[in-house]
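Undergrad: Just dropping this structure here.
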Amino acid sequence: TSATLEQAESRFHQDLNGDGVTGIPTTSIEAFGSTSLVQSGSNFYMNPIAGGSGPALKYVGSPVVAGQFGAWTPIAAEQTSSGYEVAWKYSGSDQFAIWTTDSSGNFATSTGQVS
């Protein structure tokens, strides 16, 4: 299925390719607390559990793309008073990092690698 066709579905408000979803399908990565971390296409979003949509996870002003940081993958997110905290895991290891973002999802700081 083409990402271009899936994007067009949102404009036409129809499931054009018959996959049962209108638009780009989303995958819930984590949905605890007040924030759900979801992947839609190759981007990540921090949506409120109560419903609606939240900001895209961004680095240097652009949406983070799956695989952009090699084996590092976002695994959880939670809203804070000033933005979000996002937990990352290095695949196949016990290495983690925590990003803080502003309220628009833009990277602000990182703990660096921790285990």
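Residue names in the structure tokens use chain letters A, B, ... in the order shown, residue numbers from 1 in each chain, and ligand numbers from 1 in the order shown.
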Running DSSP on the backbone, which parts of range 23-112 of chain A land in strand (DSSP E or B), as a ChimeraX atom specification?
TA: /A:26-30,35-40,43-48,56,58-59,62-63,65,72-79,83-90,96-102,106-110
Undergrad: Enumerate, as a PyMOL selection string, the complete set of residues in chain A that a backbone-based DSSP assignment places in alpha helix (DSSP H).
TA: chain A and resi 3-12
Undergrad: How about saving the chosen residues, C-alpha atoms kept, as an mmCIF file, in the first residue's frame?
TA:
data_model
loop_
_atom_site.group_PDB
_atom_site.id
_atom_site.type_symbol
_atom_site.label_atom_id
_atom_site.label_comp_id
_atom_site.auth_asym_id
_atom_site.auth_seq_id
_atom_site.Cartn_x
_atom_site.Cartn_y
_atom_site.Cartn_z
ATOM 1 C CA ALA A 3 1.774 6.098 1.656
ATOM 2 C CA THR A 4 0.613 8.594 -0.971
ATOM 3 C CA LEU A 5 -2.680 6.729 -1.370
ATOM 4 C CA GLU A 6 -3.123 6.465 2.403
ATOM 5 C CA GLN A 7 -2.585 10.231 2.733
ATOM 6 C CA ALA A 8 -5.165 10.830 -0.022
ATOM 7 C CA GLU A 9 -7.707 8.783 1.944
ATOM 8 C CA SER A 10 -7.742 11.488 4.629
ATOM 9 C CA ARG A 11 -8.519 14.154 2.041
ATOM 10 C CA PHE A 12 -11.298 12.059 0.458
#
Undergrad: Please provide as a VMD selection string all residues within 12 Å of range 89-98 of chain A, with the sequence filter that same-chain residues fewer than 4 positions apart are discarded (counting only C-alpha atoms).
TA: chain A and resid 67 69 to 78 84 to 85 107 to 115
Undergrad: Keeping C-alpha atoms for every residue in the selection just given, could you write it to a file as a PDB file, in the first residue's frame?
TA:
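Here's the written file part.pdb:
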ATOM      1  CA  GLY A  67      15.162   4.323  12.141  1.00  0.00           C
ATOM      2  CA  PHE A  69      18.686   7.064  15.248  1.00  0.00           C
ATOM      3  CA  GLY A  70      19.686   3.533  14.270  1.00  0.00           C
ATOM      4  CA  ALA A  71      18.706   0.977  16.919  1.00  0.00           C
ATOM      5  CA  TRP A  72      17.304   3.656  19.260  1.00  0.00           C
ATOM      6  CA  THR A  73      13.493   3.527  19.369  1.00  0.00           C
ATOM      7  CA  PRO A  74      10.998   5.579  21.419  1.00  0.00           C
ATOM      8  CA  ILE A  75       9.107   3.247  23.774  1.00  0.00           C
ATOM      9  CA  ALA A  76       7.069   5.549  26.052  1.00  0.00           C
ATOM     10  CA  ALA A  77       5.979   9.164  26.466  1.00  0.00           C
ATOM     11  CA  GLU A  78       4.333  11.203  29.186  1.00  0.00           C
ATOM     12  CA  TYR A  84       6.912  15.699  27.317  1.00  0.00           C
ATOM     13  CA  GLU A  85       9.366  13.091  28.529  1.00  0.00           C
ATOM     14  CA  PHE A 107      13.696  17.825  21.460  1.00  0.00           C
ATOM     15  CA  ALA A 108      15.138  19.919  24.301  1.00  0.00           C
ATOM     16  CA  THR A 109      17.503  17.740  26.376  1.00  0.00           C
ATOM     17  CA  SER A 110      18.585  14.139  26.869  1.00  0.00           C
ATOM     18  CA  THR A 111      19.843  12.176  29.861  1.00  0.00           C
ATOM     19  CA  GLY A 112      22.324  10.468  27.597  1.00  0.00           C
ATOM     20  CA  GLN A 113      22.613   6.694  27.700  1.00  0.00           C
ATOM     21  CA  VAL A 114      21.614   5.018  30.999  1.00  0.00           C
ATOM     22  CA  SER A 115      21.071   1.416  32.039  1.00  0.00           C
TER      23      SER A 115
END
Undergrad: So what do you get for CA of Val64 in chain A versus CA of Ser42 in chain A, distance-wise?
TA: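 Distance between the two atoms: 8.1 Å.
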Undergrad: From the options A:Gly41, A:Pro25, A:Gly33, A:Gly18, which residue's atoms come nearest to Pro63 in chain A, counting only C-alpha atoms?
TA: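 Closest to Pro63 in chain A of all the choices is A:Gly41.
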Undergrad: Taking into account only C-alpha atoms, which residue in the set A:Ala87, A:Thr22, A:Ser103, A:Gly54 is nearest to Val38 in chain A?
TA: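 Among A:Ala87, A:Thr22, A:Ser103, A:Gly54, it is A:Gly54 that comes nearest to Val38 in chain A.
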